[in-house]
file final_15.cif (mmCIF, C-alpha atoms and all ligand atoms)
data_run
#
loop_
_atom_site.group_PDB
_atom_site.id
_atom_site.type_symbol
_atom_site.label_atom_id
_atom_site.label_comp_id
_atom_site.auth_asym_id
_atom_site.auth_seq_id
_atom_site.Cartn_x
_atom_site.Cartn_y
_atom_site.Cartn_z
ATOM 1 C CA MET A 1 20.187 -52.247 -21.272
ATOM 2 C CA PRO A 2 16.513 -52.358 -22.245
ATOM 3 C CA TRP A 3 15.378 -51.066 -18.845
ATOM 4 C CA PHE A 4 16.856 -47.720 -19.548
ATOM 5 C CA LYS A 5 15.930 -47.540 -23.183
ATOM 6 C CA ARG A 6 12.600 -46.910 -24.702
ATOM 7 C CA VAL A 7 12.074 -49.963 -26.826
ATOM 8 C CA GLU A 8 8.696 -48.938 -28.080
ATOM 9 C CA LYS A 9 8.707 -45.933 -30.248
ATOM 10 C CA GLY A 10 6.194 -43.156 -30.178
ATOM 11 C CA ILE A 11 5.631 -42.916 -26.423
ATOM 12 C CA ILE A 12 5.999 -39.200 -26.305
ATOM 13 C CA THR A 13 3.758 -36.917 -24.281
ATOM 14 C CA PRO A 14 3.531 -33.435 -25.663
ATOM 15 C CA THR A 15 4.389 -30.784 -23.058
ATOM 16 C CA GLU A 16 0.845 -29.465 -22.852
ATOM 17 C CA GLU A 17 -0.476 -32.919 -21.941
ATOM 18 C CA LYS A 18 2.054 -33.607 -19.210
ATOM 19 C CA LYS A 19 0.354 -33.965 -15.862
ATOM 20 C CA GLU A 20 2.123 -31.723 -13.437
ATOM 21 C CA THR A 21 0.942 -29.660 -10.517
ATOM 22 C CA PRO A 22 -0.204 -26.380 -12.007
ATOM 23 C CA ASP A 23 1.839 -23.363 -11.012
ATOM 24 C CA GLY A 24 0.516 -21.364 -8.120
ATOM 25 C CA LEU A 25 -1.653 -24.086 -6.590
ATOM 26 C CA TRP A 26 0.416 -24.124 -3.410
ATOM 27 C CA TYR A 27 1.883 -21.365 -1.312
ATOM 28 C CA LYS A 28 5.009 -21.836 0.765
ATOM 29 C CA CYS A 29 5.454 -19.339 3.583
ATOM 30 C CA PRO A 30 8.914 -17.727 3.229
ATOM 31 C CA SER A 31 9.107 -17.369 7.011
ATOM 32 C CA CYS A 32 8.049 -20.728 8.510
ATOM 33 C CA LYS A 33 8.005 -22.801 5.278
ATOM 34 C CA THR A 34 4.473 -24.044 5.922
ATOM 35 C CA VAL A 35 2.744 -25.098 2.730
ATOM 36 C CA THR A 36 -0.911 -24.229 2.193
ATOM 37 C CA SER A 37 -3.124 -24.087 -0.851
ATOM 38 C CA THR A 38 -3.151 -20.733 -2.614
ATOM 39 C CA ALA A 39 -6.925 -20.620 -2.185
ATOM 40 C CA GLU A 40 -6.652 -20.950 1.590
ATOM 41 C CA HIS A 41 -3.795 -18.448 1.703
ATOM 42 C CA ARG A 42 -5.886 -15.968 -0.241
ATOM 43 C CA LYS A 43 -8.882 -16.590 2.002
ATOM 44 C CA ASN A 44 -6.635 -15.731 4.926
ATOM 45 C CA LEU A 45 -5.886 -12.373 3.188
ATOM 46 C CA SER A 46 -2.382 -13.552 2.182
ATOM 47 C CA THR A 47 -1.229 -14.052 5.757
ATOM 48 C CA CYS A 48 0.342 -17.343 6.874
ATOM 49 C CA VAL A 49 -2.092 -19.623 8.723
ATOM 50 C CA LYS A 50 0.691 -20.823 11.023
ATOM 51 C CA CYS A 51 3.047 -17.915 11.757
ATOM 52 C CA ASN A 52 0.898 -14.980 10.539
ATOM 53 C CA TYR A 53 3.591 -13.799 8.111
ATOM 54 C CA HIS A 54 2.028 -10.977 6.083
ATOM 55 C CA ASP A 55 2.746 -11.539 2.412
ATOM 56 C CA ARG A 56 2.910 -8.491 0.153
ATOM 57 C CA ILE A 57 -0.312 -7.659 -1.651
ATOM 58 C CA GLY A 58 -1.265 -4.831 -4.011
ATOM 59 C CA SER A 59 -3.911 -2.148 -4.323
ATOM 60 C CA LYS A 60 -6.390 -4.571 -5.889
ATOM 61 C CA GLU A 61 -6.340 -6.737 -2.753
ATOM 62 C CA TYR A 62 -6.379 -3.827 -0.286
ATOM 63 C CA PHE A 63 -9.339 -2.238 -2.070
ATOM 64 C CA ALA A 64 -11.155 -5.585 -1.935
ATOM 65 C CA ILE A 65 -10.430 -5.879 1.801
ATOM 66 C CA LEU A 66 -11.425 -2.320 2.711
ATOM 67 C CA PHE A 67 -14.197 -1.074 0.430
ATOM 68 C CA ASP A 68 -17.665 -2.454 1.189
ATOM 69 C CA ASP A 69 -18.540 -5.132 -1.403
ATOM 70 C CA ASN A 70 -15.335 -4.127 -3.266
ATOM 71 C CA LYS A 71 -17.259 -1.138 -4.674
ATOM 72 C CA PHE A 72 -15.265 2.036 -5.296
ATOM 73 C CA VAL A 73 -14.686 4.773 -7.840
ATOM 74 C CA GLU A 74 -11.112 5.012 -9.063
ATOM 75 C CA MET A 75 -9.641 8.433 -9.794
ATOM 76 C CA ASP A 76 -7.062 9.413 -12.443
ATOM 77 C CA GLU A 77 -6.897 5.771 -13.499
ATOM 78 C CA LYS A 78 -4.901 6.313 -16.688
ATOM 79 C CA MET A 79 -2.405 8.944 -15.542
ATOM 80 C CA THR A 80 1.115 8.013 -16.696
ATOM 81 C CA SER A 81 4.627 9.427 -16.364
ATOM 82 C CA GLY A 82 6.352 11.609 -18.902
ATOM 83 C CA ASP A 83 10.104 11.344 -19.411
ATOM 84 C CA PRO A 84 11.283 14.797 -18.383
ATOM 85 C CA LEU A 85 14.950 13.811 -18.101
ATOM 86 C CA ASN A 86 15.219 11.528 -21.162
ATOM 87 C CA PHE A 87 16.451 8.967 -18.675
ATOM 88 C CA VAL A 88 18.211 5.836 -19.894
ATOM 89 C CA ASP A 89 19.578 3.070 -17.653
ATOM 90 C CA SER A 90 19.551 -0.472 -19.026
ATOM 91 C CA LYS A 91 16.722 0.780 -21.257
ATOM 92 C CA PRO A 92 15.027 4.128 -21.911
ATOM 93 C CA TYR A 93 12.466 5.116 -19.256
ATOM 94 C CA PRO A 94 9.456 5.198 -21.659
ATOM 95 C CA GLN A 95 10.281 1.618 -22.696
ATOM 96 C CA ARG A 96 10.464 0.554 -19.051
ATOM 97 C CA THR A 97 7.154 2.284 -18.349
ATOM 98 C CA ALA A 98 5.464 0.527 -21.283
ATOM 99 C CA ALA A 99 6.885 -2.892 -20.328
ATOM 100 C CA THR A 100 5.915 -2.498 -16.649
ATOM 101 C CA GLN A 101 2.409 -1.374 -17.539
ATOM 102 C CA LYS A 102 2.006 -4.406 -19.768
ATOM 103 C CA ALA A 103 3.384 -6.823 -17.175
ATOM 104 C CA THR A 104 1.438 -5.483 -14.181
ATOM 105 C CA GLY A 105 -1.727 -4.049 -15.731
ATOM 106 C CA LEU A 106 -1.069 -0.922 -13.637
ATOM 107 C CA HIS A 107 -0.503 2.607 -14.922
ATOM 108 C CA ASP A 108 1.777 3.734 -12.112
ATOM 109 C CA ALA A 109 2.779 2.844 -8.548
ATOM 110 C CA VAL A 110 -0.297 4.216 -6.788
ATOM 111 C CA ARG A 111 -4.050 3.848 -7.231
ATOM 112 C CA THR A 112 -6.523 6.242 -5.668
ATOM 113 C CA ALA A 113 -10.213 5.668 -5.083
ATOM 114 C CA TYR A 114 -13.191 6.640 -2.979
ATOM 115 C CA GLY A 115 -16.071 4.602 -1.659
ATOM 116 C CA LYS A 116 -17.532 3.329 1.578
ATOM 117 C CA MET A 117 -15.811 1.415 4.369
ATOM 118 C CA ASN A 118 -18.238 -0.022 6.923
ATOM 119 C CA GLY A 119 -20.766 2.466 5.579
ATOM 120 C CA GLN A 120 -18.454 5.435 6.128
ATOM 121 C CA ASP A 121 -17.218 7.506 3.168
ATOM 122 C CA ILE A 122 -13.452 7.324 2.727
ATOM 123 C CA THR A 123 -10.751 8.238 0.193
ATOM 124 C CA ILE A 124 -7.915 5.731 -0.138
ATOM 125 C CA ALA A 125 -4.571 5.885 -1.954
ATOM 126 C CA CYS A 126 -2.715 2.576 -2.163
ATOM 127 C CA MET A 127 0.739 1.941 -3.584
ATOM 128 C CA ASP A 128 1.755 -1.055 -5.705
ATOM 129 C CA PHE A 129 5.210 -2.498 -5.168
ATOM 130 C CA ALA A 130 4.945 -4.452 -8.418
ATOM 131 C CA TYR A 131 5.268 -1.190 -10.369
ATOM 132 C CA ILE A 132 9.012 -0.305 -10.370
ATOM 133 C CA GLY A 133 9.370 -1.135 -6.666
ATOM 134 C CA GLY A 134 6.488 1.137 -5.670
ATOM 135 C CA SER A 135 8.763 4.054 -6.473
ATOM 136 C CA MET A 136 7.471 7.583 -5.980
ATOM 137 C CA GLY A 137 7.546 9.592 -9.199
ATOM 138 C CA SER A 138 5.544 12.589 -10.368
ATOM 139 C CA VAL A 139 2.415 10.513 -11.093
ATOM 140 C CA VAL A 140 2.426 9.064 -7.565
ATOM 141 C CA GLY A 141 2.734 12.566 -6.089
ATOM 142 C CA GLU A 142 0.084 14.059 -8.357
ATOM 143 C CA LYS A 143 -2.436 11.262 -7.768
ATOM 144 C CA ILE A 144 -1.984 11.444 -3.999
ATOM 145 C CA ALA A 145 -2.324 15.254 -4.111
ATOM 146 C CA ARG A 146 -5.554 14.939 -6.103
ATOM 147 C CA ALA A 147 -6.890 12.234 -3.764
ATOM 148 C CA ILE A 148 -6.258 14.565 -0.804
ATOM 149 C CA ASP A 149 -8.074 17.351 -2.682
ATOM 150 C CA HIS A 150 -10.981 14.965 -3.187
ATOM 151 C CA ALA A 151 -11.028 14.147 0.518
ATOM 152 C CA ARG A 152 -11.059 17.873 1.312
ATOM 153 C CA LYS A 153 -13.800 18.630 -1.196
ATOM 154 C CA THR A 154 -16.040 15.804 0.002
ATOM 155 C CA ARG A 155 -14.988 16.130 3.662
ATOM 156 C CA THR A 156 -14.010 12.463 3.936
ATOM 157 C CA PRO A 157 -11.120 10.919 5.880
ATOM 158 C CA PHE A 158 -8.001 9.984 3.930
ATOM 159 C CA LEU A 159 -6.166 6.669 4.180
ATOM 160 C CA MET A 160 -2.730 6.205 2.605
ATOM 161 C CA ILE A 161 -1.343 2.684 2.212
ATOM 162 C CA SER A 162 2.389 2.931 1.551
ATOM 163 C CA LYS A 163 4.616 0.246 0.057
ATOM 164 C CA SER A 164 7.675 1.688 -1.585
ATOM 165 C CA GLY A 165 11.394 1.512 -2.170
ATOM 166 C CA GLY A 166 11.528 5.320 -2.167
ATOM 167 C CA ALA A 167 11.923 7.968 -4.839
ATOM 168 C CA ARG A 168 11.951 6.985 -8.515
ATOM 169 C CA MET A 169 15.483 7.238 -9.842
ATOM 170 C CA MET A 170 14.294 7.832 -13.415
ATOM 171 C CA GLU A 171 12.568 11.063 -12.417
ATOM 172 C CA ALA A 172 15.321 12.219 -10.032
ATOM 173 C CA GLY A 173 14.571 15.759 -8.774
ATOM 174 C CA PHE A 174 10.960 15.551 -9.944
ATOM 175 C CA SER A 175 10.469 12.610 -7.563
ATOM 176 C CA LEU A 176 11.871 14.537 -4.625
ATOM 177 C CA MET A 177 9.491 17.428 -5.290
ATOM 178 C CA GLN A 178 6.593 15.046 -4.611
ATOM 179 C CA MET A 179 7.653 14.870 -0.959
ATOM 180 C CA ALA A 180 7.040 18.594 -0.493
ATOM 181 C CA LYS A 181 3.918 18.584 -2.644
ATOM 182 C CA THR A 182 2.149 15.733 -0.810
ATOM 183 C CA SER A 183 3.225 17.095 2.588
ATOM 184 C CA ALA A 184 1.779 20.521 1.737
ATOM 185 C CA LYS A 185 -1.519 18.945 0.662
ATOM 186 C CA LEU A 186 -1.645 16.952 3.905
ATOM 187 C CA ALA A 187 -1.140 20.163 5.848
ATOM 188 C CA LEU A 188 -4.241 21.588 4.134
ATOM 189 C CA LEU A 189 -6.156 18.429 5.056
ATOM 190 C CA ALA A 190 -5.078 18.848 8.677
ATOM 191 C CA GLU A 191 -6.115 22.520 8.650
ATOM 192 C CA GLU A 192 -9.597 21.412 7.697
ATOM 193 C CA LYS A 193 -9.556 18.920 10.584
ATOM 194 C CA LEU A 194 -10.042 15.873 8.403
ATOM 195 C CA PRO A 195 -8.432 12.664 9.692
ATOM 196 C CA TYR A 196 -5.413 11.223 7.889
ATOM 197 C CA ILE A 197 -4.391 7.658 8.647
ATOM 198 C CA SER A 198 -1.151 6.309 7.220
ATOM 199 C CA LEU A 199 -0.720 2.547 6.956
ATOM 200 C CA LEU A 200 2.872 1.448 6.407
ATOM 201 C CA THR A 201 3.227 -1.977 4.809
ATOM 202 C CA ASP A 202 6.235 -4.062 3.837
ATOM 203 C CA PRO A 203 8.429 -2.263 2.764
ATOM 204 C CA THR A 204 8.083 1.486 3.362
ATOM 205 C CA THR A 205 11.410 3.223 2.879
ATOM 206 C CA GLY A 206 13.219 6.237 1.467
ATOM 207 C CA GLY A 207 11.422 9.402 0.427
ATOM 208 C CA VAL A 208 8.009 7.889 1.143
ATOM 209 C CA THR A 209 8.898 7.344 4.812
ATOM 210 C CA ALA A 210 10.437 10.816 4.823
ATOM 211 C CA SER A 211 7.192 12.428 3.656
ATOM 212 C CA TYR A 212 3.551 11.330 3.599
ATOM 213 C CA ALA A 213 3.958 7.883 5.218
ATOM 214 C CA MET A 214 5.027 9.372 8.555
ATOM 215 C CA LEU A 215 2.670 12.366 8.573
ATOM 216 C CA GLY A 216 -0.517 10.590 9.636
ATOM 217 C CA ASP A 217 -2.671 11.655 12.550
ATOM 218 C CA PHE A 218 -2.192 7.950 13.156
ATOM 219 C CA ASN A 219 0.788 6.105 11.722
ATOM 220 C CA ILE A 220 0.043 2.391 11.790
ATOM 221 C CA ALA A 221 1.746 -0.634 10.262
ATOM 222 C CA GLU A 222 1.308 -4.276 9.383
ATOM 223 C CA PRO A 223 3.207 -6.835 11.504
ATOM 224 C CA GLY A 224 6.796 -7.458 10.433
ATOM 225 C CA ALA A 225 6.823 -4.670 7.835
ATOM 226 C CA LEU A 226 10.225 -3.213 6.976
ATOM 227 C CA ILE A 227 10.100 0.494 7.779
ATOM 228 C CA GLY A 228 13.036 2.808 7.445
ATOM 229 C CA PHE A 229 14.722 5.545 5.485
ATOM 230 C CA ALA A 230 18.074 4.176 4.295
ATOM 231 C CA GLY A 231 18.679 0.428 4.030
ATOM 232 C CA PRO A 232 20.448 -1.448 6.865
ATOM 233 C CA ARG A 233 23.611 -1.997 4.805
ATOM 234 C CA VAL A 234 24.066 1.724 4.129
ATOM 235 C CA ILE A 235 23.511 2.568 7.813
ATOM 236 C CA LYS A 236 25.920 -0.135 8.961
ATOM 237 C CA GLU A 237 28.622 1.160 6.621
ATOM 238 C CA THR A 238 28.014 4.747 7.726
ATOM 239 C CA ILE A 239 28.052 4.253 11.477
ATOM 240 C CA GLY A 240 30.509 1.338 11.419
ATOM 241 C CA LYS A 241 28.502 -0.633 13.986
ATOM 242 C CA ASP A 242 26.393 -3.780 13.934
ATOM 243 C CA LEU A 243 22.690 -3.082 13.995
ATOM 244 C CA PRO A 244 20.376 -4.463 16.696
ATOM 245 C CA LYS A 245 18.208 -7.491 15.957
ATOM 246 C CA GLY A 246 14.916 -6.744 14.265
ATOM 247 C CA PHE A 247 16.174 -3.283 13.291
ATOM 248 C CA GLN A 248 13.653 -1.463 11.029
ATOM 249 C CA SER A 249 10.865 -3.972 11.642
ATOM 250 C CA ALA A 250 7.433 -2.510 12.429
ATOM 251 C CA GLU A 251 7.745 -3.875 15.994
ATOM 252 C CA PHE A 252 11.127 -2.158 16.515
ATOM 253 C CA VAL A 253 9.838 1.108 15.050
ATOM 254 C CA LEU A 254 6.746 0.929 17.301
ATOM 255 C CA GLU A 255 8.903 0.387 20.368
ATOM 256 C CA HIS A 256 10.902 3.497 19.473
ATOM 257 C CA GLY A 257 7.829 5.667 19.246
ATOM 258 C CA PHE A 258 7.398 6.132 15.511
ATOM 259 C CA LEU A 259 4.151 4.186 15.202
ATOM 260 C CA ASP A 260 0.830 4.311 17.011
ATOM 261 C CA PHE A 261 -0.026 0.647 16.648
ATOM 262 C CA ILE A 262 0.463 -2.473 14.569
ATOM 263 C CA VAL A 263 -2.594 -3.998 12.990
ATOM 264 C CA ASP A 264 -3.176 -7.524 11.725
ATOM 265 C CA ARG A 265 -4.473 -7.434 8.144
ATOM 266 C CA LYS A 266 -7.438 -9.575 9.150
ATOM 267 C CA GLU A 267 -8.501 -6.911 11.660
ATOM 268 C CA LEU A 268 -7.563 -3.921 9.498
ATOM 269 C CA LYS A 269 -11.003 -2.924 8.262
ATOM 270 C CA GLY A 270 -12.662 -3.187 11.681
ATOM 271 C CA LYS A 271 -9.903 -1.276 13.468
ATOM 272 C CA LEU A 272 -9.840 1.497 10.866
ATOM 273 C CA ALA A 273 -13.614 1.859 11.051
ATOM 274 C CA ASP A 274 -13.477 2.044 14.874
ATOM 275 C CA LEU A 275 -10.684 4.605 14.751
ATOM 276 C CA LEU A 276 -12.560 6.815 12.279
ATOM 277 C CA GLN A 277 -15.697 6.558 14.400
ATOM 278 C CA MET A 278 -13.728 8.093 17.225
ATOM 279 C CA LEU A 279 -12.096 10.777 15.082
ATOM 280 C CA LEU A 280 -15.020 11.998 13.039
ATOM 281 C CA PRO A 281 -17.349 14.557 14.514
ATOM 282 C CA LYS A 282 -20.716 13.015 15.334
ATOM 283 C CA GLU A 283 -23.581 14.330 13.299
ATOM 284 C CA THR A 284 -26.368 15.570 15.459
ATOM 285 C CA PRO A 285 -29.557 13.675 14.647
ATOM 286 C CA ALA A 286 -32.316 16.006 13.470
ATOM 287 C CA GLU A 287 -34.554 15.343 16.505
ATOM 288 C CA ALA A 288 -31.693 15.977 18.921
ATOM 289 C CA LYS A 289 -30.953 19.413 17.522
ATOM 290 C CA PRO A 290 -31.730 22.159 19.975
ATOM 291 C CA LYS A 291 -34.975 23.863 19.107
ATOM 292 C CA PRO A 292 -34.683 27.537 18.349
ATOM 293 C CA ARG A 293 -35.560 29.448 21.450
ATOM 294 C CA LYS A 294 -38.537 31.657 21.439
ATOM 295 C CA THR A 295 -37.403 35.146 22.016
ATOM 296 C CA GLN A 296 -39.169 36.552 24.936
ATOM 297 C CA LYS A 297 -40.129 40.077 24.701
ATOM 298 C CA ALA A 298 -39.675 42.078 27.768
HETATM 299 ZN ZN ZN B 1 4.459 -18.893 8.076
#
call {"tool": "encode", "arguments": {"input": "final_15.cif", "output": "structure tokens", "more": "lines below"}}
Ligand SMILES: [Zn+2]
result
Amino acid sequence: MPWFKRVEKGIITPTEEKKETPDGLWYKCPSCKTVTSTAEHRKNLSTCVKCNYHDRIGSKEYFAILFDDNKFVEMDEKMTSGDPLNFVDSKPYPQRTAATQKATGLHDAVRTAYGKMNGQDITIACMDFAYIGGSMGSVVGEKIARAIDHARKTRTPFLMISKSGGARMMEAGFSLMQMAKTSAKLALLAEEKLPYISLLTDPTTGGVTASYAMLGDFNIAEPGALIGFAGPRVIKETIGKDLPKGFQSAEFVLEHGFLDFIVDRKELKGKLADLLQMLLPKETPAEAKPKPRKTQKA
């Protein structure tokens, strides 16, 4: 059957010359299945043009969205975890750390930086889910604590962007200590009357929800974000009941009083700037300052 056989020899295209659609040129929305070009999706800040599904993004993208001209100074950039427990699961923890750092280009699951947002000084800590599920270990806690100290020292508002599966298993008890540590630092920030805004993105769960993510002067979230402590399966097994529809979505959590508002990523920067304008004490312009009164002598 010559139709199905290659009669001529030598018609072979090497793999690298094969004309196929390059990977990552198109984006398919996991929610409504609409297909758009990756460029357009990115231009829309990784939200679906049709259904507004908010795709997960990392600290690099959030910093680009929030800091003016994407200009910021990163703090404690190279801080990495030790291996206090000599933890081994499918591989030793230091090996996992090295492999994850190589694959993601990140040093741990949070990045902290300061810069200007709409001309206003701000300190931001943003978690990366790509780094071991955005898990909270000792580096995450330490970097957040130091970022809060920076906010206190420079008297700037603090924004925390959470995205985490919870505590980091490989650091066990050390991870849990970060909940108390970050909460204590936030209490100091509050004492000094500096605003703390917590943005919860998809997903924010476990020890992160149980500590800094829910301690904001304003707790806000992105639409559709999964927010909770334990996962739905664990809760269902514990209480032996079916869970209501939309359970643990940002909208459900808002309705039950745990959030102040939900903000579309495309309006995030503007809304945050407006909110901080309201929270920060107005500086009295020099000419408006009351003139020292002349003391009248009797
Ligand atoms: Zn969609």
call {"tool": "residues_near_ligand", "arguments": {"input": "final_15.cif", "ligand": "ligand ZN 1 (chain B)", "cutoff": "10 Å", "atoms": "all atoms listed in the file", "output": "PDB file with C-alpha atoms, in the frame of the given file"}}
result
ATOM      1  CA  LYS A  28       5.009 -21.836   0.765  1.00  0.00           C
ATOM      2  CA  CYS A  29       5.454 -19.339   3.583  1.00  0.00           C
ATOM      3  CA  PRO A  30       8.914 -17.727   3.229  1.00  0.00           C
ATOM      4  CA  SER A  31       9.107 -17.369   7.011  1.00  0.00           C
ATOM      5  CA  CYS A  32       8.049 -20.728   8.510  1.00  0.00           C
ATOM      6  CA  LYS A  33       8.005 -22.801   5.278  1.00  0.00           C
ATOM      7  CA  THR A  34       4.473 -24.044   5.922  1.00  0.00           C
ATOM      8  CA  VAL A  35       2.744 -25.098   2.730  1.00  0.00           C
ATOM      9  CA  THR A  36      -0.911 -24.229   2.193  1.00  0.00           C
ATOM     10  CA  THR A  47      -1.229 -14.052   5.757  1.00  0.00           C
ATOM     11  CA  CYS A  48       0.342 -17.343   6.874  1.00  0.00           C
ATOM     12  CA  VAL A  49      -2.092 -19.623   8.723  1.00  0.00           C
ATOM     13  CA  LYS A  50       0.691 -20.823  11.023  1.00  0.00           C
ATOM     14  CA  CYS A  51       3.047 -17.915  11.757  1.00  0.00           C
ATOM     15  CA  ASN A  52       0.898 -14.980  10.539  1.00  0.00           C
ATOM     16  CA  TYR A  53       3.591 -13.799   8.111  1.00  0.00           C
ATOM     17  CA  HIS A  54       2.028 -10.977   6.083  1.00  0.00           C
ATOM     18  CA  ASP A  55       2.746 -11.539   2.412  1.00  0.00           C
TER      19      ASP A  55
END
call {"tool": "resolve_selection", "arguments": {"input": "final_15.cif", "expression": "the PyMOL selection byres (((chain A and resi 160-176) around 6) and not hetatm)", "output": "ChimeraX atom specification"}}
result
/A:87,124-127,129,133-138,159,177-179,198-208
call {"tool": "closest_residue", "arguments": {"input": "final_15.cif", "among": "A:Met79, A:Leu280, A:Ala64, A:Ala180", "to": "A:Leu194", "atoms": "all atoms listed in the file"}}
result
A:Leu280
call {"tool": "resolve_selection", "arguments": {"input": "final_15.cif", "expression": "the PyMOL selection byres (((chain A and resi 104) around 12) and not hetatm)", "output": "list in words"}}
result
Gly58, Ser59, Lys60, Arg96, Thr97, Ala98, Ala99, Thr100, Gln101, Lys102, Ala103, Gly105, Leu106, His107, Asp108, Ala109, Asp128, Phe129, Ala130, Tyr131, Ile132, Gly133 and Gly134 of chain A
call {"tool": "residues_around", "arguments": {"input": "final_15.cif", "residues": "stretch 246-263 of chain A", "least_positions_apart": "2", "cutoff": "10 Å", "atoms": "only C-alpha atoms", "output": "PyMOL selection string"}}
result
chain A and resi 198-205+214+216-232+243-244+265-269+271-272
call {"tool": "write_last_selection", "arguments": {"input": "final_15.cif", "atoms": "C-alpha atoms", "output": "PDB file, in the coordinates of the input"}}
result
ATOM      1  CA  SER A 198      -1.151   6.309   7.220  1.00  0.00           C
ATOM      2  CA  LEU A 199      -0.720   2.547   6.956  1.00  0.00           C
ATOM      3  CA  LEU A 200       2.872   1.448   6.407  1.00  0.00           C
ATOM      4  CA  THR A 201       3.227  -1.977   4.809  1.00  0.00           C
ATOM      5  CA  ASP A 202       6.235  -4.062   3.837  1.00  0.00           C
ATOM      6  CA  PRO A 203       8.429  -2.263   2.764  1.00  0.00           C
ATOM      7  CA  THR A 204       8.083   1.486   3.362  1.00  0.00           C
ATOM      8  CA  THR A 205      11.410   3.223   2.879  1.00  0.00           C
ATOM      9  CA  MET A 214       5.027   9.372   8.555  1.00  0.00           C
ATOM     10  CA  GLY A 216      -0.517  10.590   9.636  1.00  0.00           C
ATOM     11  CA  ASP A 217      -2.671  11.655  12.550  1.00  0.00           C
ATOM     12  CA  PHE A 218      -2.192   7.950  13.156  1.00  0.00           C
ATOM     13  CA  ASN A 219       0.788   6.105  11.722  1.00  0.00           C
ATOM     14  CA  ILE A 220       0.043   2.391  11.790  1.00  0.00           C
ATOM     15  CA  ALA A 221       1.746  -0.634  10.262  1.00  0.00           C
ATOM     16  CA  GLU A 222       1.308  -4.276   9.383  1.00  0.00           C
ATOM     17  CA  PRO A 223       3.207  -6.835  11.504  1.00  0.00           C
ATOM     18  CA  GLY A 224       6.796  -7.458  10.433  1.00  0.00           C
ATOM     19  CA  ALA A 225       6.823  -4.670   7.835  1.00  0.00           C
ATOM     20  CA  LEU A 226      10.225  -3.213   6.976  1.00  0.00           C
ATOM     21  CA  ILE A 227      10.100   0.494   7.779  1.00  0.00           C
ATOM     22  CA  GLY A 228      13.036   2.808   7.445  1.00  0.00           C
ATOM     23  CA  PHE A 229      14.722   5.545   5.485  1.00  0.00           C
ATOM     24  CA  ALA A 230      18.074   4.176   4.295  1.00  0.00           C
ATOM     25  CA  GLY A 231      18.679   0.428   4.030  1.00  0.00           C
ATOM     26  CA  PRO A 232      20.448  -1.448   6.865  1.00  0.00           C
ATOM     27  CA  LEU A 243      22.690  -3.082  13.995  1.00  0.00           C
ATOM     28  CA  PRO A 244      20.376  -4.463  16.696  1.00  0.00           C
ATOM     29  CA  ARG A 265      -4.473  -7.434   8.144  1.00  0.00           C
ATOM     30  CA  LYS A 266      -7.438  -9.575   9.150  1.00  0.00           C
ATOM     31  CA  GLU A 267      -8.501  -6.911  11.660  1.00  0.00           C
ATOM     32  CA  LEU A 268      -7.563  -3.921   9.498  1.00  0.00           C
ATOM     33  CA  LYS A 269     -11.003  -2.924   8.262  1.00  0.00           C
ATOM     34  CA  LYS A 271      -9.903  -1.276  13.468  1.00  0.00           C
ATOM     35  CA  LEU A 272      -9.840   1.497  10.866  1.00  0.00           C
TER      36      LEU A 272
END
call {"tool": "atom_distance", "arguments": {"input": "final_15.cif", "atom1": "atom CA of A:Ala273", "atom2": "atom CA of A:Leu186"}}
result
20.5 Å
call {"tool": "closest_residue", "arguments": {"input": "final_15.cif", "among": "A:Ser37, A:Asn44, A:Thr182, A:Ser211", "to": "A:Ile65", "atoms": "all atoms listed in the file"}}
result
A:Asn44
call {"tool": "build_atoms", "arguments": {"input": "final_15.cif", "residues": "stretch 203-212 of chain A", "atoms": "N, CA and C atoms", "output": "CSV table (one decimal), keeping the file's coordinate frame"}}
result
chain,number,residue,atom,x,y,z
A,203,PRO,N,7.6,-3.1,2.0
A,203,PRO,CA,8.4,-2.3,2.8
A,203,PRO,C,8.0,-0.8,2.6
A,204,THR,N,8.3,0.0,3.5
A,204,THR,CA,8.1,1.5,3.4
A,204,THR,C,9.4,2.2,3.7
A,205,THR,N,10.1,2.7,2.7
A,205,THR,CA,11.4,3.2,2.9
A,205,THR,C,11.6,4.5,2.1
A,206,GLY,N,12.8,5.1,2.3
A,206,GLY,CA,13.2,6.2,1.5
A,206,GLY,C,12.3,7.4,1.6
A,207,GLY,N,12.2,8.1,0.5
A,207,GLY,CA,11.4,9.4,0.4
A,207,GLY,C,10.0,9.3,0.8
A,208,VAL,N,9.4,8.1,0.7
A,208,VAL,CA,8.0,7.9,1.1
A,208,VAL,C,7.9,7.9,2.7
A,209,THR,N,8.8,7.3,3.3
A,209,THR,CA,8.9,7.3,4.8
A,209,THR,C,9.2,8.8,5.2
A,210,ALA,N,10.0,9.5,4.5
A,210,ALA,CA,10.4,10.8,4.8
A,210,ALA,C,9.4,11.9,4.5
A,211,SER,N,8.3,11.4,3.9
A,211,SER,CA,7.2,12.4,3.7
A,211,SER,C,5.8,11.9,4.1
A,212,TYR,N,4.9,11.6,3.2
A,212,TYR,CA,3.6,11.3,3.6
A,212,TYR,C,3.3,10.1,4.5
